[in-house]
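Below: entry.txt (compact mmCIF, C-alpha atoms and all ligand atoms)
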# COMPACT_ATOMS: atom_id res chain seq x y z
CA MET H 1061 0.00 0.00 0.00
CA ALA H 1062 1.08 3.56 -0.73
CA LYS H 1063 2.70 5.71 1.95
CA ILE H 1064 0.74 8.89 2.46
CA LEU H 1065 2.09 12.09 4.04
CA VAL H 1066 -0.45 13.91 6.21
CA THR H 1067 0.77 17.38 7.15
CA GLY H 1068 -0.93 18.75 10.25
CA GLY H 1069 -1.91 15.16 11.02
CA LEU H 1070 -2.02 15.74 14.77
CA GLY H 1071 -4.54 18.56 14.38
CA TYR H 1072 -8.31 18.35 14.54
CA ILE H 1073 -9.28 17.27 11.02
CA GLY H 1074 -5.89 15.71 10.25
CA SER H 1075 -6.03 13.24 13.16
CA HIS H 1076 -9.49 11.98 12.13
CA THR H 1077 -8.25 11.61 8.56
CA VAL H 1078 -5.20 9.64 9.69
CA VAL H 1079 -7.53 7.16 11.39
CA ALA H 1080 -9.73 6.91 8.26
CA LEU H 1081 -6.65 6.29 6.08
CA GLN H 1082 -5.30 3.63 8.42
CA GLU H 1083 -8.69 1.91 8.45
CA LYS H 1084 -8.40 1.62 4.64
CA GLY H 1085 -4.93 0.11 4.94
CA PHE H 1086 -2.83 3.13 4.01
CA GLU H 1087 0.53 3.61 5.68
CA VAL H 1088 0.62 7.13 7.07
CA VAL H 1089 3.45 9.45 7.99
CA ILE H 1090 2.58 12.64 9.85
CA ILE H 1091 4.45 15.94 9.77
CA ASP H 1092 3.38 18.41 12.44
CA ASN H 1093 5.23 21.11 14.38
CA LEU H 1094 2.81 20.91 17.34
CA SER H 1095 2.03 24.64 17.03
CA ASN H 1096 -1.66 23.86 17.51
CA SER H 1097 -1.68 20.24 18.70
CA GLU H 1098 -0.18 17.82 21.19
CA GLU H 1099 1.99 14.77 20.60
CA SER H 1100 -0.43 12.79 22.80
CA VAL H 1101 -2.87 12.76 19.87
CA LEU H 1102 -0.70 9.92 18.53
CA HIS H 1103 -1.85 7.87 21.48
CA GLY H 1104 -5.52 8.54 20.65
CA ILE H 1105 -4.95 7.53 17.03
CA GLU H 1106 -3.22 4.34 18.13
CA LYS H 1107 -6.04 3.48 20.54
CA ILE H 1108 -8.58 3.65 17.72
CA SER H 1109 -6.70 2.05 14.85
CA GLY H 1110 -4.16 -0.09 16.70
CA ILE H 1111 -1.39 1.55 14.66
CA ARG H 1112 0.98 4.28 15.84
CA PRO H 1113 1.83 6.24 12.69
CA GLN H 1114 5.32 7.52 11.92
CA PHE H 1115 5.56 11.08 13.25
CA GLU H 1116 8.07 13.75 12.25
CA ASN H 1117 8.17 16.96 14.28
CA ILE H 1118 9.05 19.29 11.41
CA ASP H 1119 8.13 22.92 10.84
CA LEU H 1120 7.15 23.08 7.18
CA ARG H 1121 8.42 26.66 6.98
CA LYS H 1122 11.95 25.28 7.27
CA LYS H 1123 12.69 24.46 3.66
CA GLU H 1124 15.87 22.46 4.30
CA LEU H 1125 14.08 20.18 6.76
CA VAL H 1126 11.28 19.64 4.26
CA GLN H 1127 13.82 18.76 1.56
CA GLN H 1128 15.59 16.36 3.90
CA PHE H 1129 12.31 14.64 4.80
CA PHE H 1130 11.46 13.98 1.15
CA ALA H 1131 14.98 12.80 0.39
CA GLU H 1132 14.59 10.14 3.11
CA ASN H 1133 10.90 9.13 2.73
CA PRO H 1134 9.30 7.79 -0.44
CA ILE H 1135 5.79 9.29 -0.59
CA GLU H 1136 2.95 8.51 -2.99
CA GLY H 1137 0.43 11.14 -1.97
CA ILE H 1138 0.07 14.17 0.30
CA ILE H 1139 -2.90 15.48 2.27
CA HIS H 1140 -1.98 18.99 3.33
CA PHE H 1141 -3.80 20.20 6.46
CA ALA H 1142 -1.00 22.14 8.16
CA ALA H 1143 -1.88 25.82 8.30
CA SER H 1144 -2.77 28.60 10.70
CA LYS H 1145 -6.54 29.00 10.85
CA ALA H 1146 -7.65 31.73 13.25
CA VAL H 1147 -9.41 34.43 11.23
CA GLY H 1148 -8.99 37.22 13.84
CA GLU H 1149 -5.31 36.44 14.39
CA SER H 1150 -4.74 36.62 10.63
CA VAL H 1151 -6.08 40.20 10.59
CA GLU H 1152 -3.65 41.15 13.38
CA ASN H 1153 -0.65 39.28 12.00
CA PRO H 1154 -1.08 38.81 8.24
CA LEU H 1155 2.57 37.99 7.52
CA LEU H 1156 2.47 35.03 9.89
CA TYR H 1157 -0.44 33.71 7.84
CA TYR H 1158 1.14 34.40 4.45
CA GLU H 1159 4.33 32.69 5.58
CA ASN H 1160 2.74 29.67 7.21
CA ASN H 1161 -0.03 29.06 4.71
CA ILE H 1162 1.66 30.03 1.44
CA ASN H 1163 5.37 29.18 1.83
CA THR H 1164 4.62 25.74 3.21
CA LEU H 1165 2.49 24.84 0.18
CA VAL H 1166 5.17 26.08 -2.22
CA TYR H 1167 7.90 24.05 -0.49
CA LEU H 1168 5.76 20.91 -0.59
CA LEU H 1169 4.94 21.38 -4.28
CA GLN H 1170 8.62 21.89 -5.10
CA GLU H 1171 9.34 18.52 -3.48
CA CYS H 1172 6.45 16.94 -5.40
CA GLU H 1173 8.08 18.11 -8.61
CA LYS H 1174 11.52 16.89 -7.55
CA HIS H 1175 10.35 13.45 -6.41
CA SER H 1176 7.56 12.95 -9.00
CA ILE H 1177 4.82 12.87 -6.37
CA GLN H 1178 1.58 13.29 -8.29
CA ASN H 1179 -1.26 13.13 -5.81
CA PHE H 1180 -2.15 16.11 -3.63
CA ILE H 1181 -5.22 16.89 -1.52
CA PHE H 1182 -5.61 20.39 -0.12
CA SER H 1183 -7.71 21.76 2.79
CA SER H 1184 -9.65 24.70 1.44
CA SER H 1185 -12.68 26.42 2.91
CA CYS H 1186 -16.11 27.73 2.01
CA THR H 1187 -14.69 31.06 3.11
CA VAL H 1188 -13.49 31.47 -0.53
CA TYR H 1189 -17.12 32.17 -1.54
CA GLY H 1190 -17.55 35.14 0.84
CA GLU H 1191 -21.20 36.23 1.08
CA PRO H 1192 -22.77 34.05 -1.61
CA ASP H 1193 -25.25 35.37 -4.21
CA GLN H 1194 -27.12 32.08 -4.33
CA LEU H 1195 -27.82 29.27 -1.88
CA PRO H 1196 -26.99 26.44 -1.69
CA ILE H 1197 -23.49 27.21 -2.98
CA THR H 1198 -22.13 25.26 -5.94
CA GLU H 1199 -18.44 24.97 -6.82
CA ASP H 1200 -19.08 27.31 -9.78
CA ALA H 1201 -20.05 30.20 -7.50
CA PRO H 1202 -17.61 33.08 -7.87
CA VAL H 1203 -14.68 33.33 -5.50
CA LYS H 1204 -15.17 36.73 -3.85
CA LYS H 1205 -12.53 39.07 -2.47
CA ALA H 1206 -11.44 37.59 0.84
CA ILE H 1207 -12.55 39.30 4.05
CA SER H 1208 -9.46 38.22 6.02
CA PRO H 1209 -5.81 37.37 5.29
CA TYR H 1210 -6.66 33.78 6.34
CA GLY H 1211 -9.36 33.59 3.67
CA ASN H 1212 -7.00 35.17 1.19
CA THR H 1213 -4.37 32.47 1.84
CA LYS H 1214 -6.92 29.80 0.90
CA GLN H 1215 -7.71 31.61 -2.37
CA ILE H 1216 -4.01 32.05 -3.17
CA ASN H 1217 -3.34 28.39 -2.26
CA GLU H 1218 -6.01 27.29 -4.72
CA GLU H 1219 -4.50 29.49 -7.45
CA ILE H 1220 -1.02 28.09 -6.77
CA LEU H 1221 -2.39 24.56 -7.14
CA TYR H 1222 -4.30 25.43 -10.31
CA ASP H 1223 -1.22 26.97 -11.93
CA THR H 1224 1.08 24.14 -10.85
CA CYS H 1225 -1.28 21.41 -12.08
CA ALA H 1226 -1.56 23.21 -15.45
CA VAL H 1227 2.09 22.55 -16.28
CA GLY H 1228 3.65 19.54 -14.54
CA ASN H 1229 2.50 16.02 -13.60
CA LEU H 1230 0.77 17.08 -10.42
CA GLN H 1231 -2.89 16.29 -9.94
CA ALA H 1232 -4.63 17.98 -7.04
CA ILE H 1233 -8.01 18.21 -5.38
CA SER H 1234 -9.05 21.15 -3.21
CA LEU H 1235 -11.72 20.28 -0.68
CA ARG H 1236 -13.76 23.27 0.43
CA TYR H 1237 -14.96 22.47 3.94
CA PHE H 1238 -18.06 24.05 5.36
CA ASN H 1239 -18.14 24.00 9.21
CA PRO H 1240 -16.46 20.88 10.66
CA ILE H 1241 -17.69 19.90 14.14
CA GLY H 1242 -17.79 16.82 16.38
CA ALA H 1243 -15.28 14.19 17.38
CA HIS H 1244 -14.49 10.53 16.82
CA PRO H 1245 -17.30 8.42 18.39
CA SER H 1246 -14.72 6.72 20.62
CA ALA H 1247 -13.85 10.14 22.14
CA GLU H 1248 -10.17 9.22 21.80
CA ILE H 1249 -9.56 12.21 19.49
CA GLY H 1250 -11.44 15.47 18.97
CA GLU H 1251 -11.11 19.23 18.76
CA LEU H 1252 -8.93 20.80 21.44
CA PRO H 1253 -8.58 24.52 20.80
CA LYS H 1254 -5.80 26.30 22.66
CA GLY H 1255 -7.11 29.22 24.76
CA THR H 1256 -10.60 30.66 24.33
CA PRO H 1257 -12.44 28.93 21.47
CA GLN H 1258 -13.27 31.15 18.50
CA ASN H 1259 -15.65 28.65 16.90
CA LEU H 1260 -19.21 28.04 17.95
CA VAL H 1261 -19.31 24.36 18.90
CA PRO H 1262 -16.20 24.20 21.14
CA PHE H 1263 -17.50 27.34 22.88
CA ILE H 1264 -20.85 25.64 23.41
CA THR H 1265 -19.37 22.42 24.80
CA GLN H 1266 -16.96 24.33 27.07
CA THR H 1267 -19.89 26.39 28.37
CA GLY H 1268 -21.84 23.17 28.91
CA ALA H 1269 -18.86 21.76 30.83
CA GLY H 1270 -18.70 24.86 33.04
CA LEU H 1271 -15.39 26.23 31.71
CA ARG H 1272 -17.10 29.30 30.28
CA ALA H 1273 -19.79 31.21 32.10
CA GLU H 1274 -21.82 32.17 29.06
CA LEU H 1275 -21.95 31.85 25.28
CA SER H 1276 -22.33 35.04 23.22
CA VAL H 1277 -24.60 34.71 20.20
CA PHE H 1278 -23.26 37.14 17.62
CA GLY H 1279 -26.45 38.81 16.41
CA ASP H 1280 -30.12 37.90 16.19
CA ASP H 1281 -31.07 40.58 13.68
CA TYR H 1282 -29.89 38.90 10.48
CA PRO H 1283 -32.39 38.31 7.66
CA THR H 1284 -32.82 34.62 8.57
CA PRO H 1285 -35.89 32.84 10.06
CA ASP H 1286 -34.73 33.23 13.69
CA GLY H 1287 -32.34 36.15 13.11
CA SER H 1288 -29.09 34.24 13.78
CA CYS H 1289 -26.50 33.22 11.14
CA ILE H 1290 -26.81 29.99 9.20
CA ARG H 1291 -23.95 27.52 8.56
CA ASP H 1292 -23.54 24.00 7.22
CA TYR H 1293 -22.16 21.92 10.12
CA ILE H 1294 -20.45 18.71 8.99
CA HIS H 1295 -19.31 15.86 11.25
CA VAL H 1296 -15.51 15.62 11.20
CA VAL H 1297 -15.69 11.83 10.70
CA ASP H 1298 -17.68 12.36 7.47
CA LEU H 1299 -15.17 14.98 6.42
CA ALA H 1300 -12.24 12.65 7.11
CA GLN H 1301 -13.84 9.95 4.98
CA ALA H 1302 -14.11 12.35 2.04
CA HIS H 1303 -10.32 12.78 2.07
CA VAL H 1304 -9.80 9.04 1.67
CA VAL H 1305 -12.27 8.97 -1.23
CA ALA H 1306 -10.61 11.97 -2.91
CA LEU H 1307 -7.14 10.47 -2.49
CA GLN H 1308 -8.28 7.15 -3.93
CA ARG H 1309 -9.74 9.01 -6.92
CA LEU H 1310 -6.29 10.44 -7.68
CA LEU H 1311 -4.46 7.16 -7.05
CA ASP H 1312 -6.85 5.41 -9.45
CA ASN H 1313 -6.46 8.21 -12.02
CA LYS H 1314 -10.21 8.73 -12.04
CA ASN H 1315 -9.96 12.52 -11.93
CA THR H 1316 -11.19 14.23 -15.09
CA SER H 1317 -8.85 17.21 -14.89
CA SER H 1318 -5.52 17.78 -13.20
CA TYR H 1319 -7.11 20.17 -10.69
CA GLU H 1320 -10.53 19.58 -9.17
CA VAL H 1321 -12.56 21.32 -6.46
CA PHE H 1322 -15.31 19.87 -4.26
CA ASN H 1323 -17.59 21.32 -1.60
CA LEU H 1324 -17.71 19.23 1.57
CA GLY H 1325 -20.85 19.95 3.53
CA THR H 1326 -24.15 18.33 4.42
CA GLY H 1327 -26.29 20.58 2.22
CA LYS H 1328 -28.34 21.59 5.25
CA GLY H 1329 -28.06 24.97 6.93
CA SER H 1330 -28.59 25.38 10.70
CA SER H 1331 -28.84 28.64 12.60
CA VAL H 1332 -26.78 29.43 15.70
CA LEU H 1333 -29.93 29.22 17.85
CA GLU H 1334 -30.83 25.85 16.30
CA VAL H 1335 -27.38 24.53 17.17
CA ILE H 1336 -27.74 25.76 20.75
CA HIS H 1337 -31.13 24.09 21.13
CA ALA H 1338 -29.88 20.86 19.55
CA PHE H 1339 -27.00 20.86 22.04
CA GLU H 1340 -29.44 21.35 24.92
CA LYS H 1341 -31.39 18.36 23.67
CA VAL H 1342 -28.47 15.96 23.25
CA SER H 1343 -26.75 17.01 26.49
CA GLY H 1344 -29.87 17.46 28.62
CA LYS H 1345 -28.34 20.74 29.84
CA LYS H 1346 -29.68 24.26 29.66
CA LEU H 1347 -27.06 26.44 28.00
CA ASN H 1348 -26.36 29.88 29.39
CA TYR H 1349 -26.27 32.29 26.44
CA LYS H 1350 -26.97 35.90 25.60
CA ILE H 1351 -27.44 37.83 22.38
CA VAL H 1352 -24.65 40.32 21.63
CA PRO H 1353 -23.93 42.51 18.57
CA ARG H 1354 -22.87 40.96 15.28
CA ARG H 1355 -19.26 39.78 14.89
CA PRO H 1356 -17.45 41.76 12.16
CA GLY H 1357 -16.75 39.69 9.04
CA ASP H 1358 -19.50 37.10 9.59
CA VAL H 1359 -21.50 36.17 6.51
CA ILE H 1360 -25.26 35.74 6.94
CA SER H 1361 -25.87 32.32 5.52
CA VAL H 1362 -23.74 29.61 3.86
CA TYR H 1363 -24.54 26.01 3.05
CA ALA H 1364 -23.32 23.68 0.38
CA ASN H 1365 -24.80 22.29 -2.76
CA THR H 1366 -23.38 18.77 -2.38
CA SER H 1367 -24.33 17.37 -5.82
CA LYS H 1368 -20.80 17.37 -7.21
CA ALA H 1369 -19.28 15.51 -4.25
CA ASP H 1370 -22.21 13.11 -4.33
CA GLU H 1371 -22.20 12.38 -8.08
CA VAL H 1372 -18.53 12.75 -9.03
CA LEU H 1373 -16.76 11.74 -5.83
CA GLY H 1374 -19.42 9.25 -4.78
CA TRP H 1375 -19.37 10.54 -1.21
CA LYS H 1376 -22.19 11.59 1.08
CA THR H 1377 -22.38 12.55 4.74
CA LYS H 1378 -23.74 9.91 7.13
CA TYR H 1379 -24.10 11.91 10.34
CA SER H 1380 -26.56 14.62 11.36
CA MET H 1381 -25.70 17.86 13.13
CA GLU H 1382 -27.26 16.38 16.31
CA GLU H 1383 -25.00 13.29 16.14
CA ALA H 1384 -22.00 15.54 15.60
CA LEU H 1385 -22.94 17.59 18.68
CA GLN H 1386 -23.39 14.42 20.70
CA SER H 1387 -19.86 13.29 19.80
CA ALA H 1388 -18.46 16.76 20.58
CA TRP H 1389 -20.14 16.65 23.98
CA LYS H 1390 -18.86 13.14 24.72
CA TRP H 1391 -15.33 14.32 23.85
CA GLU H 1392 -15.60 17.49 25.96
CA LYS H 1393 -16.77 15.47 28.97
CA LYS H 1394 -13.92 13.01 28.58
CA VAL H 1395 -11.30 15.76 28.28
CA ARG H 1396 -12.68 17.52 31.39
CA GLY H 1397 -13.06 14.34 33.37
CA LEU H 1398 -16.86 14.76 33.75
CA ASP H 1399 -19.35 11.86 34.10
P1 LIG H 1401 -5.62 22.40 13.44
O1 LIG H 1401 -4.96 23.65 13.87
O2 LIG H 1401 -6.27 21.55 14.46
O3 LIG H 1401 -4.57 21.48 12.65
C1 LIG H 1401 -3.50 22.02 11.90
C2 LIG H 1401 -2.23 21.29 12.32
O4 LIG H 1401 -1.15 21.80 11.53
C3 LIG H 1401 -1.86 21.51 13.78
O5 LIG H 1401 -1.63 20.27 14.41
C4 LIG H 1401 -0.59 22.36 13.73
O6 LIG H 1401 0.27 22.07 14.80
C5 LIG H 1401 -0.02 21.98 12.37
N1 LIG H 1401 0.80 23.02 11.74
C6 LIG H 1401 0.50 24.33 11.56
N2 LIG H 1401 1.52 24.96 10.95
C7 LIG H 1401 2.50 24.04 10.74
C8 LIG H 1401 3.80 24.07 10.17
N3 LIG H 1401 4.33 25.21 9.72
N4 LIG H 1401 4.52 22.91 10.10
C9 LIG H 1401 3.99 21.76 10.57
N5 LIG H 1401 2.78 21.67 11.13
C10 LIG H 1401 2.04 22.80 11.22
O7 LIG H 1401 -6.64 22.80 12.28
P2 LIG H 1401 -7.83 21.97 11.61
O8 LIG H 1401 -9.11 22.51 12.10
O9 LIG H 1401 -7.55 20.52 11.71
O10 LIG H 1401 -7.67 22.46 10.11
C11 LIG H 1401 -6.92 21.73 9.15
C12 LIG H 1401 -6.95 22.46 7.83
O11 LIG H 1401 -8.30 22.64 7.42
C13 LIG H 1401 -6.34 23.87 7.85
O12 LIG H 1401 -5.67 24.08 6.63
C14 LIG H 1401 -7.54 24.78 7.96
O13 LIG H 1401 -7.27 26.05 7.42
C15 LIG H 1401 -8.54 24.01 7.10
N6 LIG H 1401 -9.95 24.33 7.44
C16 LIG H 1401 -10.39 24.17 8.73
C17 LIG H 1401 -11.70 24.49 9.04
C18 LIG H 1401 -12.21 24.34 10.46
O14 LIG H 1401 -13.27 24.88 10.76
N7 LIG H 1401 -11.54 23.61 11.33
C19 LIG H 1401 -12.56 24.96 8.05
C20 LIG H 1401 -12.09 25.09 6.74
C21 LIG H 1401 -10.75 24.77 6.45
C1 LIG H 1402 -14.92 30.63 10.64
C2 LIG H 1402 -14.25 31.32 9.49
C3 LIG H 1402 -13.85 30.32 8.42
C4 LIG H 1402 -12.97 29.26 9.03
C5 LIG H 1402 -13.68 28.62 10.21
C6 LIG H 1402 -12.76 27.67 10.91
C7 LIG H 1402 -15.21 33.57 9.35
C8 LIG H 1402 -16.08 34.48 8.57
N1 LIG H 1402 -15.13 32.31 8.91
O1 LIG H 1402 -16.15 30.11 10.17
O2 LIG H 1402 -13.14 30.98 7.42
O3 LIG H 1402 -12.67 28.31 8.05
O4 LIG H 1402 -14.09 29.63 11.15
O5 LIG H 1402 -11.86 28.28 11.72
O6 LIG H 1402 -14.63 33.94 10.35
N2 LIG H 1402 -20.82 32.22 16.80
C9 LIG H 1402 -21.45 32.74 17.90
N3 LIG H 1402 -20.79 32.75 19.09
C10 LIG H 1402 -19.51 32.26 19.22
C11 LIG H 1402 -18.87 31.72 18.09
C12 LIG H 1402 -19.55 31.72 16.89
O7 LIG H 1402 -22.58 33.20 17.80
O8 LIG H 1402 -18.97 32.32 20.33
C13 LIG H 1402 -21.53 32.16 15.51
C14 LIG H 1402 -20.85 32.94 14.40
O9 LIG H 1402 -21.30 34.26 14.37
C15 LIG H 1402 -21.29 32.14 13.17
C16 LIG H 1402 -21.46 30.72 13.69
O10 LIG H 1402 -21.57 30.82 15.09
O11 LIG H 1402 -22.53 32.60 12.74
C17 LIG H 1402 -20.28 29.83 13.35
O12 LIG H 1402 -19.09 30.49 13.74
P1 LIG H 1402 -17.66 29.78 13.71
O13 LIG H 1402 -17.72 28.46 14.37
O14 LIG H 1402 -16.67 30.77 14.20
O15 LIG H 1402 -17.43 29.48 12.16
P2 LIG H 1402 -17.49 30.47 10.90
O16 LIG H 1402 -17.46 31.87 11.30
O17 LIG H 1402 -18.60 30.01 10.04

What's the structure tokens form of this structure?
Amino acid sequence: MAKILVTGGLGYIGSHTVVALQEKGFEVVIIDNLSNSEESVLHGIEKISGIRPQFENIDLRKKELVQQFFAENPIEGIIHFAASKAVGESVENPLLYYENNINTLVYLLQECEKHSIQNFIFSSSCTVYGEPDQLPITEDAPVKKAISPYGNTKQINEEILYDTCAVGNLQAISLRYFNPIGAHPSAEIGELPKGTPQNLVPFITQTGAGLRAELSVFGDDYPTPDGSCIRDYIHVVDLAQAHVVALQRLLDNKNTSSYEVFNLGTGKGSSVLEVIHAFEKVSGKKLNYKIVPRRPGDVISVYANTSKADEVLGWKTKYSMEEALQSAWKWEKKVRGLD
């Protein structure tokens, strides 16, 4: 079986994808610099799959170390998760984001060229669509000017891949994630944000666990049925599975062009208040929340048209938003030693 490099493989989505790859028999090697993860995630992966993957603590910004890694490790495909992802931080420190999210991709692609590695999967985001003109969003929707440097790095990354695939032997797939939530059903791995969570679901589960006094709902005066923003929340285990399917498509040469793009979402939009009430139902806890002013940069409503992933990739989500919340809650309780 092919050896697959997973960059950022100790992070939230990467760790779930490592497990999904191992379950399909792939041999995985992880590169991660632990800037937003812990080495103990390896233990969680091993508990689920029975296999401790090879791990290299390498900072992908260090070009010489990247070159050395590829000189020593024969790789057949790469899934590139490693990046900085906090939208607010990217506004405050854009150069950190341009360096970490752009340089690292360029260095990896240079090694692909040097070592004839053809198969590349990239973590993109629905953020590339900005405030969409039409819902649900198809892959043909225009890419709008990015609101944040983080969003801009994803657009530039996609352009770099498009241009690179147009000339050499590289074939790449960009996966545009909607809102990943939840944890592995075993609760051995999950999302563990450092510091105060910026994203909705970890803030909800930490409030439920008593770590946070109160959740702020950013606005209830949007033009949506209940006034709060709408997103497409996808279970991280479904998302992980899609990476295996996309990789297999490239390995089997089933792709129809050298660069392809897919939306990864459920196709169903849920409002912030709906998520809160669903959490209350699955946890049996009343959540302390208050309505506060809108958060700058938030779009009103985004959810995916999933037809392309369904028909071309042959992949569909299996889990509901409620099941994802249940797994997130189980994980939070385990991490906090509750129950
Ligand atoms: P994460 O922070 O949990 O995982 C990223 C991992 O990459 C971390 O373990 C971090 O230590 C590592 N990393 C960062 N910079 C590195 C470097 N220079 N060298 C080596 N390792 C490095 O994030 P995640 O939520 O798992 O996101 C994975 C990818 O998916 C990112 O590219 C992110 O932008 C993208 N994405 C995430 C979301 C989301 O909501 N989580 C949505 C859309 C897209
Ligand atoms: C954000 C980023 C997106 C990035 C993703 C993962 C923006 C515009 N988008 O998505 O690019 O890929 O994070 O890091 O920043 N909310 C609250 N209270 C909270 C937290 C969130 O009401 O404490 C609301 C938000 O206003 C939003 C929804 O919950 O309506 C989801 O927010 P969040 O989880 O941060 O994801 P996005 O903003 O959709």

note - atom CA of Ser1095 of chain H and atom N4 of ligand LIG 1401 (chain H) are separated by 7.6 Å

For Glu1340 of chain H, which residue among H:Gly1279, H:Pro1285, H:Gly1268, H:Gly1397 is the nearest when counting only C-alpha atoms?
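Looking only at the distances to Glu1340 of chain H, the closest residue turns out to be H:Gly1268.
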
H:Val1305, H:Ala1269, H:Ala1206, H:Ile1181: which is nearest ligand LIG 1402 (chain H), counting all atoms listed in the file?
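Among the listed residues, H:Ala1206 lies closest to ligand LIG 1402 (chain H).
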
Using only C-alpha atoms, find the one residue out of H:Pro1196, H:Gly1228, H:Pro1283, H:Pro1154 that sits nearest to Pro1209 of chain H.
H:Pro1154

Quote the spacing between atom CA of Val1372 of chain H and atom CA of His1295 of chain H in Å to one decimal place.
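Spanning atom CA of Val1372 of chain H to atom CA of His1295 of chain H is a straight-line distance of 20.5 Å.
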
Nearest to Asn1229 of chain H, chosen from H:Ile1177, H:Leu1125, H:Leu1252, H:Ile1138, with all atoms listed in the file counted in the distances:
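Comparing H:Ile1177, H:Leu1125, H:Leu1252, H:Ile1138 against Asn1229 of chain H, the winner is H:Ile1177.
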
Return as a ChimeraX atom specification every polymer residue, whether protein, DNA or RNA, with at least one atom no more than 6 Å from an atom of ligand LIG 1402 (chain H); count all atoms listed in the file.
/H:1145-1147,1185,1187,1211,1258-1260,1263,1275-1278,1289,1332,1355,1357-1358

List every residue of chain H that has an atom at most 6 Å from any atom of ligand LIG 1401 (chain H), and for each one report the closest atom pair and its distance in Å to one decimal, counting all atoms listed in the file, with rows sorted by chain and then by increasing residue number, as CSV.
residue,atom,partner,partner_atom,distance
H:Gly1068,CA,H:LIG1401,O4,3.3
H:Leu1070,CA,H:LIG1401,O5,4.6
H:Gly1071,CA,H:LIG1401,O5,3.4
H:Tyr1072,CA,H:LIG1401,O9,3.6
H:Ile1073,CA,H:LIG1401,O9,3.7
H:Gly1074,CA,H:LIG1401,O9,5.3
H:Ile1091,CA,H:LIG1401,C9,5.9
H:Asp1092,CA,H:LIG1401,N5,3.6
H:Asn1093,CA,H:LIG1401,C9,4.1
H:Leu1094,CA,H:LIG1401,O6,3.8
H:Ser1095,CA,H:LIG1401,O6,3.8
H:Asn1096,CA,H:LIG1401,O6,3.8
H:Ser1097,CA,H:LIG1401,O5,4.3
H:Ile1118,CA,H:LIG1401,C9,5.7
H:Asp1119,CA,H:LIG1401,N4,3.7
H:Leu1120,CA,H:LIG1401,N4,3.9
H:Arg1121,CA,H:LIG1401,N3,5.1
H:Phe1141,CA,H:LIG1401,C12,4.1
H:Ala1142,CA,H:LIG1401,O4,3.4
H:Ala1143,CA,H:LIG1401,C6,4.3
H:Ser1144,CA,H:LIG1401,C6,5.4
H:Lys1145,CA,H:LIG1401,O13,4.6
H:Asn1160,CA,H:LIG1401,N3,5.4
H:Ser1183,CA,H:LIG1401,O11,4.7
H:Ser1184,CA,H:LIG1401,C21,5.1
H:Ser1185,CA,H:LIG1401,C20,4.1
H:Tyr1237,CA,H:LIG1401,C20,4.8
H:Asn1239,CA,H:LIG1401,O14,5.2
H:Pro1240,CA,H:LIG1401,O14,5.1

Selected residue of minimal separation from Thr1077 of chain H among H:Val1321, H:Thr1224, H:Asp1298, H:Ser1380, counting only C-alpha atoms:
H:Asp1298

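Taking atom CA of Lys1314 of chain H and atom CA of Gly1327 of chain H as endpoints, the distance between them is 24.5 Å.
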